[in-house]
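S.K.: Next comes the structure file structure.pdb, holding PDB, C-alpha atoms and all ligand atoms.
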MODEL        1
ATOM      1  CA  MET J   1       0.000   0.000   0.000  1.00  0.00           C
ATOM      2  CA  ALA J   2       1.148   3.512  -0.737  1.00  0.00           C
ATOM      3  CA  ASN J   3       1.535   5.593   2.374  1.00  0.00           C
ATOM      4  CA  HIS J   4      -1.289   7.715   3.669  1.00  0.00           C
ATOM      5  CA  ASP J   5       0.045  11.003   2.293  1.00  0.00           C
ATOM      6  CA  ASP J   6       0.325   9.532  -1.186  1.00  0.00           C
ATOM      7  CA  LEU J   7      -3.250   8.296  -1.037  1.00  0.00           C
ATOM      8  CA  ALA J   8      -4.459  11.628   0.260  1.00  0.00           C
ATOM      9  CA  ARG J   9      -2.692  13.427  -2.573  1.00  0.00           C
ATOM     10  CA  LEU J  10      -4.116  11.068  -5.150  1.00  0.00           C
ATOM     11  CA  ALA J  11      -7.543  11.436  -3.649  1.00  0.00           C
ATOM     12  CA  SER J  12      -7.538  15.201  -3.818  1.00  0.00           C
ATOM     13  CA  PHE J  13      -6.553  14.923  -7.463  1.00  0.00           C
ATOM     14  CA  PHE J  14      -9.036  12.235  -8.471  1.00  0.00           C
ATOM     15  CA  GLY J  15     -12.070  13.101  -6.417  1.00  0.00           C
ATOM     16  CA  GLY J  16     -11.746  12.592  -2.681  1.00  0.00           C
ATOM     17  CA  GLU J  17     -12.519   9.709  -0.357  1.00  0.00           C
ATOM     18  CA  GLU J  18     -14.460   7.853  -3.051  1.00  0.00           C
ATOM     19  CA  ALA J  19     -11.377   7.794  -5.278  1.00  0.00           C
ATOM     20  CA  ILE J  20      -9.307   6.286  -2.456  1.00  0.00           C
ATOM     21  CA  ASN J  21     -11.922   3.560  -2.009  1.00  0.00           C
ATOM     22  CA  VAL J  22     -11.931   2.795  -5.717  1.00  0.00           C
ATOM     23  CA  VAL J  23      -8.125   2.544  -5.818  1.00  0.00           C
ATOM     24  CA  LYS J  24      -8.133   0.298  -2.737  1.00  0.00           C
ATOM     25  CA  ALA J  25     -10.840  -1.931  -4.218  1.00  0.00           C
ATOM     26  CA  LEU J  26      -8.830  -2.208  -7.426  1.00  0.00           C
ATOM     27  CA  ALA J  27      -5.643  -2.991  -5.554  1.00  0.00           C
ATOM     28  CA  GLN J  28      -7.393  -5.826  -3.719  1.00  0.00           C
ATOM     29  CA  ALA J  29      -9.324  -7.263  -6.639  1.00  0.00           C
ATOM     30  CA  GLY J  30      -6.616  -7.516  -9.267  1.00  0.00           C
ATOM     31  CA  THR J  31      -8.612  -7.489 -12.486  1.00  0.00           C
ATOM     32  CA  THR J  32     -12.298  -6.823 -12.119  1.00  0.00           C
ATOM     33  CA  THR J  33     -15.375  -5.140 -13.560  1.00  0.00           C
ATOM     34  CA  ASP J  34     -16.707  -1.697 -12.721  1.00  0.00           C
ATOM     35  CA  ASP J  35     -19.816  -3.004 -10.942  1.00  0.00           C
ATOM     36  CA  VAL J  36     -17.688  -5.182  -8.663  1.00  0.00           C
ATOM     37  CA  ILE J  37     -15.449  -2.163  -7.932  1.00  0.00           C
ATOM     38  CA  ALA J  38     -18.486   0.010  -7.196  1.00  0.00           C
ATOM     39  CA  THR J  39     -19.829  -2.570  -4.740  1.00  0.00           C
ATOM     40  CA  GLN J  40     -16.511  -3.109  -2.978  1.00  0.00           C
ATOM     41  CA  ALA J  41     -15.669   0.581  -2.838  1.00  0.00           C
ATOM     42  CA  ASN J  42     -19.214   1.303  -1.689  1.00  0.00           C
ATOM     43  CA  VAL J  43     -19.777   4.018  -4.301  1.00  0.00           C
ATOM     44  CA  ARG J  44     -22.391   4.420  -7.022  1.00  0.00           C
ATOM     45  CA  LEU J  45     -21.641   2.768 -10.361  1.00  0.00           C
ATOM     46  CA  ASN J  46     -21.485   6.120 -12.161  1.00  0.00           C
ATOM     47  CA  THR J  47     -19.061   7.451  -9.570  1.00  0.00           C
ATOM     48  CA  ALA J  48     -16.848   4.368  -9.897  1.00  0.00           C
ATOM     49  CA  ARG J  49     -16.847   4.747 -13.686  1.00  0.00           C
ATOM     50  CA  ARG J  50     -16.036   8.461 -13.543  1.00  0.00           C
ATOM     51  CA  ILE J  51     -13.046   7.787 -11.279  1.00  0.00           C
ATOM     52  CA  LEU J  52     -11.934   4.813 -13.395  1.00  0.00           C
ATOM     53  CA  TYR J  53     -11.979   6.884 -16.598  1.00  0.00           C
ATOM     54  CA  LYS J  54      -9.950   9.585 -14.885  1.00  0.00           C
ATOM     55  CA  LEU J  55      -7.391   7.026 -13.712  1.00  0.00           C
ATOM     56  CA  TYR J  56      -7.397   5.561 -17.228  1.00  0.00           C
ATOM     57  CA  ASP J  57      -6.663   8.996 -18.694  1.00  0.00           C
ATOM     58  CA  HIS J  58      -3.485   9.061 -16.619  1.00  0.00           C
ATOM     59  CA  ALA J  59      -2.573   5.461 -17.516  1.00  0.00           C
ATOM     60  CA  LEU J  60      -2.974   4.390 -13.890  1.00  0.00           C
ATOM     61  CA  VAL J  61      -5.341   1.569 -14.830  1.00  0.00           C
ATOM     62  CA  THR J  62      -5.661  -0.661 -17.865  1.00  0.00           C
ATOM     63  CA  CYS J  63      -8.955  -1.629 -19.389  1.00  0.00           C
ATOM     64  CA  THR J  64      -9.838  -4.627 -21.543  1.00  0.00           C
ATOM     65  CA  ARG J  65     -13.286  -5.513 -22.801  1.00  0.00           C
ATOM     66  CA  SER J  66     -15.136  -8.677 -23.549  1.00  0.00           C
ATOM     67  CA  ARG J  67     -18.643  -9.316 -24.827  1.00  0.00           C
ATOM     68  CA  ASP J  68     -21.319 -10.800 -22.617  1.00  0.00           C
ATOM     69  CA  GLU J  69     -22.604 -13.723 -24.660  1.00  0.00           C
ATOM     70  CA  THR J  70     -26.132 -13.531 -23.286  1.00  0.00           C
ATOM     71  CA  THR J  71     -26.790  -9.806 -23.477  1.00  0.00           C
ATOM     72  CA  GLY J  72     -24.328  -8.932 -26.247  1.00  0.00           C
ATOM     73  CA  TRP J  73     -23.083  -5.979 -24.185  1.00  0.00           C
ATOM     74  CA  PHE J  74     -19.460  -5.169 -23.586  1.00  0.00           C
ATOM     75  CA  ILE J  75     -18.016  -5.871 -20.176  1.00  0.00           C
ATOM     76  CA  TYR J  76     -15.016  -3.781 -19.108  1.00  0.00           C
ATOM     77  CA  HIS J  77     -12.272  -5.290 -16.990  1.00  0.00           C
ATOM     78  CA  TRP J  78     -10.100  -2.902 -15.022  1.00  0.00           C
ATOM     79  CA  LYS J  79      -6.683  -3.415 -13.536  1.00  0.00           C
ATOM     80  CA  LEU J  80      -4.529  -1.109 -11.451  1.00  0.00           C
ATOM     81  CA  GLN J  81      -1.029  -0.312 -12.710  1.00  0.00           C
ATOM     82  CA  PRO J  82       0.888  -0.080  -9.410  1.00  0.00           C
ATOM     83  CA  ASP J  83       4.166   1.018 -11.002  1.00  0.00           C
ATOM     84  CA  GLN J  84       2.408   3.732 -12.943  1.00  0.00           C
ATOM     85  CA  LEU J  85       0.714   4.884  -9.786  1.00  0.00           C
ATOM     86  CA  ASP J  86       4.069   5.105  -8.065  1.00  0.00           C
ATOM     87  CA  THR J  87       5.514   7.094 -10.966  1.00  0.00           C
ATOM     88  CA  PHE J  88       2.479   9.337 -10.991  1.00  0.00           C
ATOM     89  CA  VAL J  89       2.716  10.122  -7.269  1.00  0.00           C
ATOM     90  CA  ARG J  90       6.441  10.775  -7.671  1.00  0.00           C
ATOM     91  CA  SER J  91       5.952  13.187 -10.538  1.00  0.00           C
ATOM     92  CA  ARG J  92       3.193  15.039  -8.663  1.00  0.00           C
ATOM     93  CA  LYS J  93       5.544  15.386  -5.705  1.00  0.00           C
ATOM     94  CA  LYS J  94       8.357  16.651  -7.919  1.00  0.00           C
ATOM     95  CA  LYS J  95       6.060  19.274  -9.425  1.00  0.00           C
ATOM     96  CA  THR J  96       4.914  20.387  -5.992  1.00  0.00           C
ATOM     97  CA  LEU J  97       8.529  20.582  -4.823  1.00  0.00           C
ATOM     98  CA  GLU J  98       9.478  22.723  -7.823  1.00  0.00           C
ATOM     99  CA  LYS J  99       6.624  25.113  -7.083  1.00  0.00           C
ATOM    100  CA  ILE J 100       7.668  25.372  -3.446  1.00  0.00           C
ATOM    101  CA  ARG J 101      11.295  26.059  -4.405  1.00  0.00           C
ATOM    102  CA  THR J 102      10.262  28.782  -6.860  1.00  0.00           C
ATOM    103  CA  ARG J 103       8.084  30.406  -4.215  1.00  0.00           C
ATOM    104  CA  LEU J 104      10.867  30.041  -1.658  1.00  0.00           C
ATOM    105  CA  ASP J 105      13.354  31.831  -3.934  1.00  0.00           C
ATOM    106  CA  TYR J 106      10.812  34.585  -4.486  1.00  0.00           C
ATOM    107  CA  GLU J 107      10.229  34.986  -0.758  1.00  0.00           C
ATOM    108  CA  LYS J 108      13.960  35.052  -0.030  1.00  0.00           C
ATOM    109  CA  ASP J 109      14.814  37.463  -2.849  1.00  0.00           C
ATOM    110  CA  HIS J 110      12.255  40.105  -1.954  1.00  0.00           C
ATOM    111  CA  SER J 111      11.196  42.305   0.905  1.00  0.00           C
ATOM    112  CA  PHE J 112       7.473  42.624   1.326  1.00  0.00           C
ATOM    113  CA  PHE J 113       5.173  45.378   2.470  1.00  0.00           C
ATOM    114  CA  MET J 114       1.596  45.039   3.547  1.00  0.00           C
ATOM    115  CA  CYS J 115      -1.385  47.051   4.680  1.00  0.00           C
ATOM    116  CA  LYS J 116      -2.674  46.387   8.174  1.00  0.00           C
ATOM    117  CA  ALA J 117      -6.186  47.457   7.213  1.00  0.00           C
ATOM    118  CA  CYS J 118      -6.532  45.579   3.920  1.00  0.00           C
ATOM    119  CA  LEU J 119      -5.151  42.154   4.755  1.00  0.00           C
ATOM    120  CA  THR J 120      -5.076  41.099   1.094  1.00  0.00           C
ATOM    121  CA  ILE J 121      -2.593  43.821   0.064  1.00  0.00           C
ATOM    122  CA  ARG J 122       0.958  42.512  -0.073  1.00  0.00           C
ATOM    123  CA  VAL J 123       3.565  44.046  -2.379  1.00  0.00           C
ATOM    124  CA  THR J 124       7.294  43.851  -2.962  1.00  0.00           C
ATOM    125  CA  PHE J 125       9.600  46.644  -1.851  1.00  0.00           C
ATOM    126  CA  GLU J 126       9.895  47.812  -5.491  1.00  0.00           C
ATOM    127  CA  ASP J 127       6.112  48.112  -5.847  1.00  0.00           C
ATOM    128  CA  ALA J 128       5.796  49.769  -2.458  1.00  0.00           C
ATOM    129  CA  MET J 129       8.357  52.363  -3.549  1.00  0.00           C
ATOM    130  CA  GLU J 130       6.347  53.130  -6.648  1.00  0.00           C
ATOM    131  CA  SER J 131       3.232  53.919  -4.631  1.00  0.00           C
ATOM    132  CA  ALA J 132       5.292  55.905  -2.088  1.00  0.00           C
ATOM    133  CA  PHE J 133       4.409  53.257   0.498  1.00  0.00           C
ATOM    134  CA  ARG J 134       0.683  53.985   0.199  1.00  0.00           C
ATOM    135  CA  CYS J 135      -1.881  51.159   0.049  1.00  0.00           C
ATOM    136  CA  SER J 136      -3.683  50.905  -3.298  1.00  0.00           C
ATOM    137  CA  GLY J 137      -6.827  49.856  -1.436  1.00  0.00           C
ATOM    138  CA  CYS J 138      -7.226  52.389   1.364  1.00  0.00           C
ATOM    139  CA  ASN J 139      -4.301  54.768   0.821  1.00  0.00           C
ATOM    140  CA  GLY J 140      -3.012  53.857   4.272  1.00  0.00           C
ATOM    141  CA  GLN J 141       0.658  53.464   5.152  1.00  0.00           C
ATOM    142  CA  LEU J 142       2.287  50.224   4.004  1.00  0.00           C
ATOM    143  CA  ILE J 143       4.399  48.522   6.625  1.00  0.00           C
ATOM    144  CA  SER J 144       7.282  46.105   6.296  1.00  0.00           C
ATOM    145  CA  GLU J 145       6.258  42.455   6.616  1.00  0.00           C
ATOM    146  CA  ASP J 146       8.363  39.771   8.240  1.00  0.00           C
ATOM    147  CA  ASN J 147       8.112  36.710   5.993  1.00  0.00           C
ATOM    148  CA  SER J 148      10.462  34.478   7.977  1.00  0.00           C
ATOM    149  CA  LYS J 149       7.528  32.353   9.164  1.00  0.00           C
ATOM    150  CA  THR J 150       6.396  31.823   5.560  1.00  0.00           C
ATOM    151  CA  ILE J 151       9.938  30.863   4.576  1.00  0.00           C
ATOM    152  CA  GLN J 152      10.145  28.433   7.478  1.00  0.00           C
ATOM    153  CA  VAL J 153       6.878  26.705   6.520  1.00  0.00           C
ATOM    154  CA  LEU J 154       7.974  26.451   2.880  1.00  0.00           C
ATOM    155  CA  GLU J 155      11.367  25.058   3.854  1.00  0.00           C
ATOM    156  CA  GLU J 156       9.726  22.419   6.035  1.00  0.00           C
ATOM    157  CA  SER J 157       7.399  21.343   3.201  1.00  0.00           C
ATOM    158  CA  ALA J 158      10.327  21.186   0.794  1.00  0.00           C
ATOM    159  CA  ARG J 159      12.373  19.061   3.203  1.00  0.00           C
ATOM    160  CA  ARG J 160       9.481  16.664   3.762  1.00  0.00           C
ATOM    161  CA  LEU J 161       8.942  16.197   0.027  1.00  0.00           C
ATOM    162  CA  GLU J 162      12.668  15.768  -0.602  1.00  0.00           C
ATOM    163  CA  SER J 163      12.908  13.006   1.977  1.00  0.00           C
ATOM    164  CA  GLU J 164       9.764  11.281   0.651  1.00  0.00           C
ATOM    165  CA  LEU J 165      11.191  11.395  -2.855  1.00  0.00           C
ATOM    166  CA  SER J 166      14.512   9.919  -1.776  1.00  0.00           C
ATOM    167  CA  GLU J 167      12.769   7.134   0.182  1.00  0.00           C
ATOM    168  CA  GLN J 168      10.681   6.142  -2.798  1.00  0.00           C
ATOM    169  CA  GLN J 169      13.774   5.547  -4.882  1.00  0.00           C
ATOM    170  CA  PHE J 170      14.338   2.459  -2.788  1.00  0.00           C
ATOM    171  CA  GLY J 171      11.015   0.977  -3.777  1.00  0.00           C
ATOM    172  CA  ASN J 172       8.827   1.974  -0.852  1.00  0.00           C
ATOM    173  CA  GLY J 173       5.419   3.485  -1.180  1.00  0.00           C
ATOM    174  CA  LYS J 174       4.117   0.893  -3.578  1.00  0.00           C
ATOM    175  CA  PHE J 175       0.800  -0.872  -3.597  1.00  0.00           C
TER     176      PHE J 175
HETATM  177 ZN    ZN L 201      -5.059  49.293   2.757  1.00  0.00          ZN
ENDMDL
END
Translate this structure into structure tokens?
Ligand SMILES: [Zn+2]
M.R.:
Amino acid sequence: MANHDDLARLASFFGGEEAINVVKALAQAGTTTDDVIATQANVRLNTARRILYKLYDHALVTCTRSRDETTGWFIYHWKLQPDQLDTFVRSRKKKTLEKIRTRLDYEKDHSFFMCKACLTIRVTFEDAMESAFRCSGCNGQLISEDNSKTIQVLEESARRLESELSEQQFGNGKF
């Protein structure tokens, strides 16, 4: 089983708790049909199908079809691709890490000014200079903002992702 964080990340991407249940049902069943998955994951058939198609779009499941000899309808058989899932989680983590590093550089390279009255106003020193340190919202005085807490939080997230990524290279975090 992938670790809890991986599942949570996947879930937020593919549609929440129901997506986790579908992935778990798939992992347990091996190859199976969408109605079996829906039953085992305890979700509606349409929901199971929607999640399965989304996973299929990202090559996280394979799908083969056969024809029901009595009804003549196609039956779809789904199978989880654990290695693909691992790769997918890894690449999502790498992207997140890149975003955090970019933001971190930006935070470290700039001084920020904010307005105490309008909490949404936050500008760089350069922009604050241009407006003569006046808020564009209320014309109040802009004050210097200490972003060391923000930097600390970003650094912690980056470290956590880095260590998760290095662990996974040794084959952990698989289904
Ligand atoms: Zn203001």
S.K.: What is the distance between CA of Leu45 (chain J) and CA of Thr70 (chain J), in Å to one decimal?
M.R.: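 If I compute the distance from CA of Leu45 (chain J) to CA of Thr70 (chain J), I get 21.3 Å.
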S.K.: Distance limit 8 Å, reference ligand ZN 201 (chain L), atoms considered: all atoms listed in the file. Which residues make the cut? Give them as a list in words.
M.R.: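 Every residue with an atom at most 8 Å from ligand ZN 201 (chain L) is listed here: Met114, Cys115, Lys116, Ala117, Cys118, Leu119, Ile121, Arg134, Cys135, Ser136, Gly137, Cys138, Asn139, Gly140, Gln141 and Leu142 of chain J.
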S.K.: Would you kindly translate the PyMOL selection byres (((chain J and resi 55-64) around 6) and not hetatm) into the concrete residues it picks from this file, as number ranges by chain?
M.R.: J: 52-54, 65, 76-81, 84-85
S.K.: Between J:Asp105, J:Lys149, J:Thr124, J:Lys95, which one has atoms that come closest to Glu162 (chain J), using all atoms listed in the file?
M.R.: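 Distance minimum relative to Glu162 (chain J) lands on J:Lys95.
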S.K.: Could you work out how far CA of Ala41 (chain J) lies from CA of Asn21 (chain J), giving the answer in Å with one decimal?
M.R.: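 Between CA of Asn21 (chain J) and CA of Ala41 (chain J) the gap works out to 4.9 Å.
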S.K.: Would you please work out which residue, of J:Phe133, J:Phe113, J:Phe14, J:Tyr106, is nearest to Arg50 (chain J) when using all atoms listed in the file?
M.R.: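 Checking each candidate against Arg50 (chain J), we get J:Phe14 as the closest.
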S.K.: Measuring between only C-alpha atoms, which one of J:Ile143, J:Val123, J:Ile151, J:Leu97 shows the shortest distance to Glu164 (chain J)?
M.R.: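 Using only C-alpha atoms, Glu164 (chain J) sits closest to J:Leu97.
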